[in-house]
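Asker: Handing you this structure, nothing more for now.
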Protein chains: 2
Amino acid sequence: MPEKVVIIGGGAAGPKTAAKLRRENKKIQIDLYTQEDIISYSACGLPYYIEDIIKDSKTLIVRTPADFEKENINIHLKQKCIKVDTDNKKVILEDLTSNHKYEVYYDILVLATGAIPIIPDIKGINLKNIFSLRTIEDGIKIKQKMRTSQNAVLLGGGYISIEVMEALVHNKLNVTLIEKNNQILKMFDEDFSQMITDYIIGHNIGKVNIFTNEEVIEFVGNENNEITKVITKSGKEIETDFVVLGTGVRPNTDFLAGSNIKLSINNSIKVNKTMGTSKTNVYAVGDCTDNFNLITNKETWLPMGSTANKEGRCAAINIAGGDCSFDGILNSTITKYFNYTISIIGISYKEALIQGFQPEFAIVTKRDKAGYMPDTGTVTLKLIVDKNTHNILGIQGIGEGDVNQRINTVIPAILEKTKLESFMNLDLPYSPPYSPAIDPVLNAAQIIYQKICN
Amino acid sequence: MPEKVVIIGGGAAGPKTAAKLRRENKKIQIDLYTQEDIISYSACGLPYYIEDIIKDSKTLIVRTPADFEKENINIHLKQKCIKVDTDNKKVILEDLTSNHKYEVYYDILVLATGAIPIIPDIKGINLKNIFSLRTIEDGIKIKQKMRTSQNAVLLGGGYISIEVMEALVHNKLNVTLIEKNNQILKMFDEDFSQMITDYIIGHNIGKVNIFTNEEVIEFVGNENNEITKVITKSGKEIETDFVVLGTGVRPNTDFLAGSNIKLSINNSIKVNKTMGTSKTNVYAVGDCTDNFNLITNKETWLPMGSTANKEGRCAAINIAGGDCSFDGILNSTITKYFNYTISIIGISYKEALIQGFQPEFAIVTKRDKAGYMPDTGTVTLKLIVDKNTHNILGIQGIGEGDVNQRINTVIPAILEKTKLESFMNLDLPYSPPYSPAIDPVLNAAQIIYQKICN
């Protein structure tokens, strides 16, 4: 059993590792270092804080440093890890207040440094009121600025931009989203991306613009260096009070240069199923690690708070001498735009082609309850099946109805490589307030069966 | 290819078989006989019609005889099948209007005669205003009577009684439910049954009584032979304006006596995975057939509209020369009491013991969204895992939160005998409006893992 565990990083995975490790073992020394001045908060909740559904940013904090200290876990705020020396089992840290550098020895090291925003190299990027959204401080700044603004520009068409768009539209701002690809939400097939775009535009006429195949080439400021407009490649000039960068994140692993800890896709840390790295006694968890995609059997990188929590838990069990295997992910994601659910699990049709599958698909649009019930909503589902193996590969789901229920039904089926023939007759519970007699997700399976088995 | 298919029964499975068969084959002659004067309706919707959420009983009709005639399917109403002669490939029918008996020959026979209410042998059972609830006519009678009533008694504590209770409470009646067993909803474990009982009583104080371990020994009527009170074994005298019998149903198969078609549990018709019976050229679908339980690998009988639809579809594909296998069921059921979801999938802890498993369980009560989001609801889940194999055996779920999403996640896992270790780290999509970072159903799995793997 190790005597001293050092954890670097205070977002989700690091604190989870610390808390679980303490539950598993009361004696082990646990020291957690983070460059931020708070720990253990939900970054995923920031858009809802900006929207003002959540009034107080403190609500997003899961556990305070004091909570950890009570559990005899030592929390070191504003301490940045600048180097890892695995040969000598030590890390070099910098106190961000005093700039003092010092060494800390470990028996076991856990890297949980998360991800950091990618800042695009565009003229004027350093103007005031151009924000990333990663920390609570970012969220507070955006919310403050929003309250006195009328116009906003969102760069990039990922989930974060959709969530921030809801927040801003709800607060009566005019919002322009600019995406350089030919579709927003690039993990979706083009048809679904287009339906999502149409929904957003259709439900906020005059308030929202979405420009795809478009790039910002310059941010223009006023005499106070505050942004006033963006200029695009196609020549649009869009006035704005602020910009939120949704241009992606990357693993926060620059400090590992020279450490001989093996990196993987996107410079994420290569981990095995026990959350161990290429170096003995060094674990890595959360957004800074690579992920194993259980459908393609390839490395991928998909930073998610849920994965971070599971990985932290798993690493803690293993450090404490237990046996936990985190096998991989299914690329499961979900978000909402007001009452409209947007979700994809597994892989899209286009990705299935790229990965060498022979995909077939069905799209169904159905009511989510028995047709005669009041307050039904519609769900649109796209189920993807491999024609060779009949395995279910993925599902995309959108709509104001209960999409969530349907996509969840598919998840273990993708994991278990359930055959279409079995899935089609799956015994989903039926009652008129919950579904039609044949659930929409089974309808989709039946249609694919007709296509490929007849 | 057969030339003439005769279908007996007009509820859900028979019409489904007819409609699907016509889509598969345009030429085959299809004749459907039913003893009722309507076909193709949703009996599951009747409680919501009584509640008056659905205003018009016609809304429950999926397809009219005219719809079928347009598809060149011959519908014969009020024709009762009284005998099947498989040696001579004919059925004996009776015209319920004229009482004329006649024979009809078939190439393929499909039995879809459904289930009929069990009428308990209690003194006074023939009094007026003692109703079963199986047909639309039953629903209309109960709704009419409800409108002028103040008190009602429900016999039996199954799903139907819970649904009718909602209907009556919503219409401001005082309702007493009487159940002879020691708990309502006997497929649930006692702890969950008790929580459900507590919820129902707690949310309708003064309007609802639930008496378990209690039996009605006499229905007492007035001079017009209308029921006025029930007398129970323990000596209670309960005044009531009407009674709804929720005392169960049985397969409608008495007419098969002497046919040599093999019967199964509860006198349901024994079917194989193609929906064929023991006699060549005779299929059976819907509530009149037995079911194969994929967890216990035993015959069971669980009449469900969803299963009926799948079986009808499957039989039609096979009759048309295709290849469809309906492998079995997972005992999936769900209902609601106002905003409170009640669901069980797979088998309970007590049933797992009876079936020779070595079950372990965990019960969790959690919020259904990230804790900091507004409008969270709670879900209470009981997950059952076999200690020997680590296979997931079942889940019970109740609560005002999104129970549905969680239980659906478990269904393919039960089908596929997913190990606890895999399920515990299942990649469920996470976003604060949809779940905590670790979903409650995964929490339950983690707790069982701690119990049996440490």
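Here's how to read the names in the structure tokens: chain A, B, ... by the order shown, residue numbers from 1 in each chain, ligand numbers from 1 in the order shown.
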Range 156-169 of chain B: which residues within 10 Å, counting only C-alpha atoms, same-chain residues fewer than 5 positions away excluded, as JSON, numbers by chain?
Answerer: {"B": [44, 45, 46, 47, 48, 49, 50, 51, 52, 53, 133, 134, 142, 143, 146, 147, 149, 150, 151, 174, 175, 176, 177, 178, 179, 180, 181, 183, 184, 185, 186, 187, 200, 204, 207, 208, 210, 211, 212, 214, 215, 244, 245, 246, 247, 248, 333, 334, 335, 336, 337, 338, 342]}
Asker: Could you save those same residues with N, CA and C atoms as a compact mmCIF listing (two decimals), in the first residue's frame?
Answerer:
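Final file, part_0.txt:
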```
# COMPACT_ATOMS: atom_id res chain seq x y z
N CYS B 44 -55.38 -0.63 -23.03
CA CYS B 44 -54.50 0.01 -22.05
C CYS B 44 -54.85 1.48 -21.81
N GLY B 45 -55.56 2.08 -22.78
CA GLY B 45 -55.91 3.48 -22.65
C GLY B 45 -57.20 3.71 -21.86
N LEU B 46 -57.91 2.64 -21.53
CA LEU B 46 -59.22 2.79 -20.89
C LEU B 46 -59.19 3.59 -19.58
N PRO B 47 -58.20 3.35 -18.70
CA PRO B 47 -58.20 4.16 -17.46
C PRO B 47 -58.11 5.67 -17.74
N TYR B 48 -57.43 6.05 -18.81
CA TYR B 48 -57.27 7.48 -19.13
C TYR B 48 -58.54 8.04 -19.77
N TYR B 49 -59.29 7.14 -20.41
CA TYR B 49 -60.61 7.54 -20.90
C TYR B 49 -61.55 7.77 -19.71
N ILE B 50 -61.52 6.86 -18.75
CA ILE B 50 -62.36 7.02 -17.56
C ILE B 50 -61.97 8.30 -16.82
N GLU B 51 -60.67 8.54 -16.69
CA GLU B 51 -60.19 9.74 -15.99
C GLU B 51 -60.67 11.01 -16.67
N ASP B 52 -60.97 10.89 -17.97
CA ASP B 52 -61.41 12.01 -18.83
C ASP B 52 -60.24 12.84 -19.36
N ILE B 53 -59.03 12.29 -19.26
CA ILE B 53 -57.89 12.85 -19.99
C ILE B 53 -58.14 12.64 -21.48
N LEU B 133 -63.00 -4.30 -16.28
CA LEU B 133 -62.52 -3.29 -17.22
C LEU B 133 -61.63 -3.97 -18.25
N ARG B 134 -62.26 -4.32 -19.37
CA ARG B 134 -61.49 -5.01 -20.42
C ARG B 134 -61.83 -4.45 -21.79
N ILE B 142 -68.25 2.40 -16.75
CA ILE B 142 -67.61 2.87 -15.51
C ILE B 142 -67.57 4.39 -15.49
N LYS B 143 -67.24 4.99 -16.63
CA LYS B 143 -67.15 6.46 -16.68
C LYS B 143 -68.51 7.09 -16.41
N MET B 146 -69.26 6.67 -12.75
CA MET B 146 -68.38 7.52 -11.95
C MET B 146 -68.93 8.94 -11.81
N ARG B 147 -69.50 9.44 -12.91
CA ARG B 147 -69.93 10.86 -12.94
C ARG B 147 -70.99 11.18 -11.90
N SER B 149 -71.22 9.40 -8.92
CA SER B 149 -70.86 8.63 -7.72
C SER B 149 -69.92 9.40 -6.81
N GLN B 150 -69.89 8.98 -5.56
CA GLN B 150 -68.96 9.58 -4.60
C GLN B 150 -67.96 8.56 -4.07
N ASN B 151 -68.36 7.30 -4.05
CA ASN B 151 -67.51 6.26 -3.46
C ASN B 151 -67.35 5.08 -4.41
N ASN B 174 -64.07 9.09 -3.43
CA ASN B 174 -63.38 8.39 -2.36
C ASN B 174 -63.21 6.94 -2.80
N VAL B 175 -61.99 6.45 -2.72
CA VAL B 175 -61.69 5.14 -3.29
C VAL B 175 -61.10 4.22 -2.22
N THR B 176 -61.61 3.01 -2.17
CA THR B 176 -61.05 1.98 -1.29
C THR B 176 -60.57 0.81 -2.14
N LEU B 177 -59.32 0.46 -1.97
CA LEU B 177 -58.75 -0.68 -2.68
C LEU B 177 -58.61 -1.84 -1.70
N ILE B 178 -59.05 -2.99 -2.13
CA ILE B 178 -58.99 -4.18 -1.26
C ILE B 178 -58.17 -5.26 -1.95
N GLU B 179 -57.12 -5.69 -1.26
CA GLU B 179 -56.18 -6.67 -1.83
C GLU B 179 -56.05 -7.83 -0.85
N LYS B 180 -56.20 -9.04 -1.34
CA LYS B 180 -56.17 -10.18 -0.41
C LYS B 180 -54.76 -10.56 0.02
N ASN B 181 -53.76 -10.26 -0.82
CA ASN B 181 -52.38 -10.55 -0.43
C ASN B 181 -51.88 -9.52 0.59
N GLN B 183 -49.58 -7.41 0.12
CA GLN B 183 -49.08 -6.20 -0.53
C GLN B 183 -49.81 -6.00 -1.85
N ILE B 184 -49.90 -4.73 -2.27
CA ILE B 184 -50.36 -4.47 -3.64
C ILE B 184 -49.19 -4.70 -4.59
N LEU B 185 -49.47 -4.79 -5.88
CA LEU B 185 -48.43 -4.96 -6.92
C LEU B 185 -47.47 -6.09 -6.54
N LYS B 186 -47.98 -7.29 -6.58
CA LYS B 186 -47.26 -8.43 -5.99
C LYS B 186 -45.97 -8.77 -6.72
N MET B 187 -45.75 -8.27 -7.94
CA MET B 187 -44.48 -8.56 -8.62
C MET B 187 -43.32 -7.76 -8.03
N ILE B 200 -49.14 6.68 -2.34
CA ILE B 200 -50.53 6.85 -2.76
C ILE B 200 -51.38 7.37 -1.60
N ASN B 204 -53.03 11.51 -1.10
CA ASN B 204 -54.49 11.65 -1.24
C ASN B 204 -55.14 11.42 0.11
N LYS B 207 -58.87 10.51 0.93
CA LYS B 207 -59.63 10.13 -0.25
C LYS B 207 -59.42 8.67 -0.61
N VAL B 208 -58.29 8.12 -0.16
CA VAL B 208 -57.92 6.78 -0.59
C VAL B 208 -57.65 5.89 0.61
N ILE B 210 -56.23 1.88 1.29
CA ILE B 210 -55.72 0.63 0.74
C ILE B 210 -55.70 -0.39 1.86
N PHE B 211 -56.48 -1.45 1.71
CA PHE B 211 -56.50 -2.52 2.70
C PHE B 211 -55.88 -3.77 2.10
N THR B 212 -54.75 -4.20 2.67
CA THR B 212 -54.16 -5.48 2.25
C THR B 212 -54.55 -6.56 3.25
N GLU B 214 -56.89 -8.48 3.07
CA GLU B 214 -58.33 -8.25 3.27
C GLU B 214 -59.08 -8.84 2.06
N GLU B 215 -60.26 -9.37 2.33
CA GLU B 215 -61.05 -9.96 1.26
C GLU B 215 -62.49 -9.50 1.35
N VAL B 244 -65.05 -1.85 -9.13
CA VAL B 244 -64.31 -2.28 -10.32
C VAL B 244 -63.46 -3.49 -9.94
N LEU B 245 -63.63 -4.55 -10.67
CA LEU B 245 -62.90 -5.79 -10.41
C LEU B 245 -61.54 -5.74 -11.11
N GLY B 246 -60.50 -5.68 -10.30
CA GLY B 246 -59.14 -5.78 -10.85
C GLY B 246 -58.54 -7.10 -10.39
N THR B 247 -59.34 -8.12 -10.51
CA THR B 247 -58.98 -9.44 -9.95
C THR B 247 -58.33 -10.35 -10.98
N GLY B 248 -57.75 -9.72 -11.97
CA GLY B 248 -56.94 -10.51 -12.91
C GLY B 248 -57.69 -10.98 -14.14
N THR B 333 -42.67 -4.00 -17.06
CA THR B 333 -43.95 -3.32 -16.89
C THR B 333 -43.74 -1.93 -16.29
N ILE B 334 -44.67 -1.06 -16.56
CA ILE B 334 -44.59 0.33 -16.05
C ILE B 334 -45.99 0.89 -15.94
N THR B 335 -46.20 1.71 -14.95
CA THR B 335 -47.42 2.50 -14.94
C THR B 335 -47.14 3.78 -14.17
N LYS B 336 -48.15 4.61 -14.04
CA LYS B 336 -47.96 5.83 -13.27
C LYS B 336 -49.16 6.07 -12.38
N TYR B 337 -48.93 6.77 -11.31
CA TYR B 337 -50.01 7.25 -10.46
C TYR B 337 -49.81 8.76 -10.38
N PHE B 338 -50.59 9.52 -11.15
CA PHE B 338 -50.34 10.94 -11.35
C PHE B 338 -48.89 11.12 -11.81
N ILE B 342 -44.07 4.00 -11.65
CA ILE B 342 -43.97 2.70 -10.97
C ILE B 342 -43.56 1.68 -12.03
```
Asker: I need the residues in range 244-443 of chain B that are strand (DSSP E) according to DSSP; give them as a VMD selection string.
Answerer: chain B and resid 244 to 245 249 to 251 282 to 284 291 to 293 298 to 300 333 to 337 340 to 346 359 to 367 378 to 386 392 to 399
Asker: Please provide as a PyMOL selection string all residues within 8 Å of Ser42 in chain B, with the sequence filter that same-chain residues fewer than 3 positions apart are discarded (counting only C-alpha atoms).
Answerer: chain B and resi 11-12+45-46+60-62+305
Asker: Taking 5 positions as the minimum chain separation for residues in the same chain, which residues sit within 12 Å of His100 in chain A when counting only C-alpha atoms? Answer as a list in words.
Answerer: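 Residues near the query, excluding close chain neighbours: Lys78, Gln79, Lys80, Cys81, Ile82, Ile92, Leu93, Glu94 and Asp95 of chain A.
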Asker: Can you check which parts of range 183-291 of chain B lie within 6 Å of range 308-321 of chain B? Per residue, the shortest pair of atoms and distance in Å to one decimal, counting only C-alpha atoms, sorted by chain and number, as CSV.
Answerer:
```
residue,atom,partner,partner_atom,distance
B:Met275,CA,B:Ala315,CA,5.6
B:Val285,CA,B:Glu311,CA,5.5
B:Gly286,CA,B:Ala308,CA,3.8
```
Asker: Please produce an output containing N, CA, C and O atoms for each residue in the selection, written as a PDB file, in the first residue's frame.
Answerer:
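To be explicit, this is the file written out as out.pdb:
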```pdb
ATOM      1  N   MET B 275     -43.942 -18.082 -33.227  1.00  0.00           N
ATOM      2  CA  MET B 275     -45.354 -17.908 -32.864  1.00  0.00           C
ATOM      3  C   MET B 275     -46.224 -19.045 -33.382  1.00  0.00           C
ATOM      4  O   MET B 275     -47.461 -18.936 -33.416  1.00  0.00           O
ATOM      5  N   VAL B 285     -51.008 -15.569 -31.109  1.00  0.00           N
ATOM      6  CA  VAL B 285     -50.347 -14.292 -30.784  1.00  0.00           C
ATOM      7  C   VAL B 285     -51.140 -13.552 -29.716  1.00  0.00           C
ATOM      8  O   VAL B 285     -52.344 -13.723 -29.599  1.00  0.00           O
ATOM      9  N   GLY B 286     -50.436 -12.757 -28.942  1.00  0.00           N
ATOM     10  CA  GLY B 286     -51.100 -11.873 -27.993  1.00  0.00           C
ATOM     11  C   GLY B 286     -51.389 -12.532 -26.664  1.00  0.00           C
ATOM     12  O   GLY B 286     -50.744 -13.509 -26.266  1.00  0.00           O
TER      13      GLY B 286
END
```
Asker: Please measure the separation of CA of Pro2 in chain A and CA of Ala444 in chain B, giving the value in Å to one decimal.
Answerer: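 Separation of CA of Pro2 in chain A and CA of Ala444 in chain B: 29.1 Å.
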Asker: Hey, can you check how far CA of Glu36 in chain A sits from CA of Ser264 in chain A?
Answerer: 25.5 Å
Asker: Which residue is closest to chain B? Choose from A:Ala43, A:Val230, A:Val110, A:Val84 and count only C-alpha atoms.
Answerer: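 Among the listed residues, A:Ala43 lies closest to chain B.
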Asker: At a cut-off of 10 Å, using only C-alpha atoms, what residues contact range 365-379 of chain B? Leave out same-chain residues fewer than 5 positions from it and give the result as a compact mmCIF listing (two decimals) with N, CA, C and O atoms, in the first residue's frame.
Answerer:
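The resulting result_34.txt:
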```txt
# COMPACT_ATOMS: atom_id res chain seq x y z
N SER A 42 -18.70 21.84 -11.00
CA SER A 42 -19.27 21.30 -12.23
C SER A 42 -19.18 22.34 -13.35
O SER A 42 -20.01 23.24 -13.44
N CYS A 44 -19.85 21.74 -16.33
CA CYS A 44 -20.99 21.49 -17.22
C CYS A 44 -22.20 22.33 -16.84
O CYS A 44 -23.12 22.51 -17.64
N GLY A 45 -22.23 22.82 -15.60
CA GLY A 45 -23.37 23.62 -15.18
C GLY A 45 -23.24 25.10 -15.51
O GLY A 45 -24.19 25.87 -15.34
N TYR A 48 -25.93 27.05 -17.45
CA TYR A 48 -27.19 27.25 -16.73
C TYR A 48 -27.03 28.33 -15.66
O TYR A 48 -28.01 28.98 -15.29
N TYR A 49 -25.81 28.52 -15.21
CA TYR A 49 -25.52 29.66 -14.34
C TYR A 49 -25.61 30.96 -15.14
O TYR A 49 -26.22 31.94 -14.69
N ILE A 53 -30.73 30.28 -14.62
CA ILE A 53 -31.51 29.19 -14.01
C ILE A 53 -30.88 28.86 -12.66
O ILE A 53 -31.56 28.55 -11.70
N ILE A 54 -29.55 28.93 -12.62
CA ILE A 54 -28.81 28.81 -11.36
C ILE A 54 -28.35 30.21 -11.00
O ILE A 54 -27.68 30.87 -11.79
N LYS A 55 -28.76 30.68 -9.82
CA LYS A 55 -28.53 32.08 -9.46
C LYS A 55 -27.11 32.32 -8.96
O LYS A 55 -26.52 33.35 -9.23
N ASP A 56 -26.60 31.37 -8.19
CA ASP A 56 -25.34 31.61 -7.47
C ASP A 56 -24.29 30.62 -7.98
O ASP A 56 -24.51 29.42 -7.98
N SER A 57 -23.15 31.16 -8.39
CA SER A 57 -22.10 30.29 -8.95
C SER A 57 -21.62 29.27 -7.92
O SER A 57 -21.16 28.20 -8.27
N LYS A 58 -21.75 29.60 -6.64
CA LYS A 58 -21.30 28.67 -5.59
C LYS A 58 -22.10 27.36 -5.60
O LYS A 58 -21.63 26.33 -5.12
N THR A 59 -23.29 27.44 -6.16
CA THR A 59 -24.12 26.22 -6.26
C THR A 59 -23.43 25.14 -7.05
O THR A 59 -23.70 23.95 -6.88
N LEU A 60 -22.53 25.54 -7.96
CA LEU A 60 -21.86 24.57 -8.84
C LEU A 60 -20.73 23.83 -8.12
O LEU A 60 -20.17 22.88 -8.67
N ILE A 61 -20.40 24.30 -6.94
CA ILE A 61 -19.30 23.66 -6.21
C ILE A 61 -19.82 22.41 -5.50
O ILE A 61 -20.76 22.47 -4.71
N VAL A 62 -19.22 21.28 -5.83
CA VAL A 62 -19.66 20.01 -5.28
C VAL A 62 -19.14 19.86 -3.85
O VAL A 62 -19.89 19.53 -2.93
N TYR B 340 -46.17 10.00 -10.47
CA TYR B 340 -45.31 9.02 -9.81
C TYR B 340 -45.19 7.78 -10.71
O TYR B 340 -46.19 7.13 -11.02
N THR B 341 -43.99 7.50 -11.15
CA THR B 341 -43.78 6.35 -12.02
C THR B 341 -43.55 5.09 -11.18
O THR B 341 -42.90 5.16 -10.13
N GLY B 397 -38.20 0.53 -10.05
CA GLY B 397 -38.01 1.98 -10.02
C GLY B 397 -39.30 2.71 -9.71
O GLY B 397 -40.35 2.38 -10.28
N ILE B 398 -39.23 3.66 -8.80
CA ILE B 398 -40.40 4.46 -8.45
C ILE B 398 -39.97 5.91 -8.23
O ILE B 398 -38.80 6.18 -7.95
N GLY B 399 -40.89 6.83 -8.37
CA GLY B 399 -40.58 8.21 -8.03
C GLY B 399 -41.20 9.21 -8.99
O GLY B 399 -41.72 8.85 -10.05
N GLU B 400 -41.13 10.49 -8.56
CA GLU B 400 -41.65 11.57 -9.39
C GLU B 400 -40.61 12.04 -10.40
O GLU B 400 -40.91 12.79 -11.31
N GLY B 401 -39.37 11.64 -10.23
CA GLY B 401 -38.32 11.96 -11.19
C GLY B 401 -38.38 11.03 -12.39
O GLY B 401 -39.31 10.24 -12.55
N ASP B 402 -37.37 11.14 -13.25
CA ASP B 402 -37.36 10.37 -14.49
C ASP B 402 -36.86 8.94 -14.22
O ASP B 402 -35.70 8.62 -14.42
N VAL B 403 -37.79 8.12 -13.78
CA VAL B 403 -37.51 6.70 -13.50
C VAL B 403 -37.31 5.94 -14.82
O VAL B 403 -36.43 5.08 -14.95
N ASN B 404 -38.14 6.30 -15.73
CA ASN B 404 -38.24 5.69 -17.05
C ASN B 404 -36.90 5.53 -17.75
O ASN B 404 -36.53 4.48 -18.25
N GLN B 405 -36.14 6.64 -17.75
CA GLN B 405 -34.82 6.69 -18.38
C GLN B 405 -33.91 5.64 -17.76
O GLN B 405 -33.15 4.98 -18.47
N ARG B 406 -33.96 5.47 -16.45
CA ARG B 406 -33.05 4.56 -15.76
C ARG B 406 -33.41 3.11 -16.03
O ARG B 406 -32.54 2.29 -16.28
N TYR B 430 -24.14 12.38 -20.32
CA TYR B 430 -24.29 13.26 -19.16
C TYR B 430 -24.43 14.71 -19.59
O TYR B 430 -23.65 15.22 -20.38
N SER B 431 -25.43 15.33 -19.06
CA SER B 431 -25.61 16.77 -19.14
C SER B 431 -26.49 17.13 -17.95
O SER B 431 -27.42 16.37 -17.62
N PRO B 432 -26.21 18.26 -17.28
CA PRO B 432 -26.92 18.57 -16.04
C PRO B 432 -28.45 18.50 -16.11
O PRO B 432 -29.07 18.09 -15.13
N PRO B 433 -29.09 18.85 -17.26
CA PRO B 433 -30.55 18.75 -17.27
C PRO B 433 -31.06 17.31 -17.35
O PRO B 433 -32.27 17.09 -17.27
N TYR B 434 -30.17 16.34 -17.53
CA TYR B 434 -30.63 14.96 -17.73
C TYR B 434 -30.20 13.99 -16.65
O TYR B 434 -30.87 12.98 -16.44
N SER B 435 -29.11 14.27 -15.98
CA SER B 435 -28.67 13.35 -14.93
C SER B 435 -27.54 13.96 -14.12
O SER B 435 -26.89 14.90 -14.56
N PRO B 436 -27.30 13.40 -12.93
CA PRO B 436 -26.04 13.72 -12.23
C PRO B 436 -24.88 13.13 -13.04
O PRO B 436 -25.10 12.33 -13.95
N ALA B 437 -23.65 13.54 -12.70
CA ALA B 437 -22.48 13.07 -13.46
C ALA B 437 -22.40 11.54 -13.43
O ALA B 437 -22.05 10.92 -14.43
N ILE B 438 -22.71 10.97 -12.28
CA ILE B 438 -22.88 9.51 -12.21
C ILE B 438 -24.38 9.25 -12.06
O ILE B 438 -24.99 9.66 -11.08
N ASP B 439 -24.93 8.57 -13.03
CA ASP B 439 -26.37 8.33 -13.02
C ASP B 439 -26.76 7.45 -11.83
O ASP B 439 -26.02 6.55 -11.43
N PRO B 440 -27.96 7.69 -11.25
CA PRO B 440 -28.41 6.87 -10.12
C PRO B 440 -28.36 5.37 -10.38
O PRO B 440 -28.05 4.60 -9.47
N VAL B 441 -28.62 4.96 -11.60
CA VAL B 441 -28.64 3.52 -11.86
C VAL B 441 -27.21 2.96 -11.80
O VAL B 441 -27.01 1.79 -11.42
N ASN B 443 -24.92 4.38 -9.75
CA ASN B 443 -24.68 4.37 -8.29
C ASN B 443 -25.12 3.05 -7.69
O ASN B 443 -24.41 2.46 -6.88
N ALA B 444 -26.30 2.61 -8.08
CA ALA B 444 -26.82 1.34 -7.53
C ALA B 444 -25.88 0.20 -7.87
O ALA B 444 -25.58 -0.65 -7.01
```
Asker: Going by DSSP on the backbone, which residues of range 353-407 of chain B come out as helix (DSSP H, G or I)? List them as an MDAnalysis selection string.
Answerer: chainID B and resid 353:354 403:407
Asker: Those residues with N, CA, C and O atoms, as a PDB file, in the first residue's frame please?
Answerer:
```pdb
ATOM      1  N   LEU B 353     -34.747 -15.256  -5.520  1.00  0.00           N
ATOM      2  CA  LEU B 353     -34.523 -16.327  -4.542  1.00  0.00           C
ATOM      3  C   LEU B 353     -35.311 -17.582  -4.922  1.00  0.00           C
ATOM      4  O   LEU B 353     -34.777 -18.690  -4.936  1.00  0.00           O
ATOM      5  N   ILE B 354     -36.572 -17.379  -5.272  1.00  0.00           N
ATOM      6  CA  ILE B 354     -37.425 -18.517  -5.652  1.00  0.00           C
ATOM      7  C   ILE B 354     -36.847 -19.242  -6.867  1.00  0.00           C
ATOM      8  O   ILE B 354     -36.876 -20.461  -6.953  1.00  0.00           O
ATOM      9  N   VAL B 403     -37.791   8.116 -13.785  1.00  0.00           N
ATOM     10  CA  VAL B 403     -37.505   6.699 -13.502  1.00  0.00           C
ATOM     11  C   VAL B 403     -37.307   5.943 -14.817  1.00  0.00           C
ATOM     12  O   VAL B 403     -36.433   5.078 -14.949  1.00  0.00           O
ATOM     13  N   ASN B 404     -38.142   6.302 -15.731  1.00  0.00           N
ATOM     14  CA  ASN B 404     -38.241   5.686 -17.051  1.00  0.00           C
ATOM     15  C   ASN B 404     -36.896   5.533 -17.748  1.00  0.00           C
ATOM     16  O   ASN B 404     -36.529   4.477 -18.254  1.00  0.00           O
ATOM     17  N   GLN B 405     -36.143   6.645 -17.753  1.00  0.00           N
ATOM     18  CA  GLN B 405     -34.824   6.688 -18.381  1.00  0.00           C
ATOM     19  C   GLN B 405     -33.910   5.639 -17.761  1.00  0.00           C
ATOM     20  O   GLN B 405     -33.155   4.976 -18.473  1.00  0.00           O
ATOM     21  N   ARG B 406     -33.964   5.475 -16.453  1.00  0.00           N
ATOM     22  CA  ARG B 406     -33.047   4.559 -15.762  1.00  0.00           C
ATOM     23  C   ARG B 406     -33.411   3.111 -16.031  1.00  0.00           C
ATOM     24  O   ARG B 406     -32.536   2.287 -16.279  1.00  0.00           O
ATOM     25  N   ILE B 407     -34.703   2.812 -15.952  1.00  0.00           N
ATOM     26  CA  ILE B 407     -35.064   1.402 -16.118  1.00  0.00           C
ATOM     27  C   ILE B 407     -34.829   0.971 -17.565  1.00  0.00           C
ATOM     28  O   ILE B 407     -34.429  -0.162 -17.812  1.00  0.00           O
TER      29      ILE B 407
END
```
Asker: Looking at B:Glu226, B:Ala13, B:Ile119, B:Tyr102, which one is nearest to Thr289 in chain B, with distances taken over only C-alpha atoms?
Answerer: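 Once distances to Thr289 in chain B are computed over only C-alpha atoms, the minimum belongs to B:Ala13.
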Asker: Looking at A:Val249, A:Ala112, A:Leu442, A:Ala352, which one is nearest to chain B, with distances taken over only C-alpha atoms?
Answerer: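 Using only C-alpha atoms, the shortest distance to chain B belongs to A:Leu442.
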Asker: Could you tell me which of B:Glu299, B:Asp254, B:Asp323, B:Glu360 comes closest to chain A if we count only C-alpha atoms?
Answerer: B:Asp323
Asker: What is the CA of Leu415 in chain B-CA of Cys453 in chain A distance in Å, reported with one decimal?
Answerer: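 CA of Cys453 in chain A lies at a distance of 22.1 Å from CA of Leu415 in chain B.
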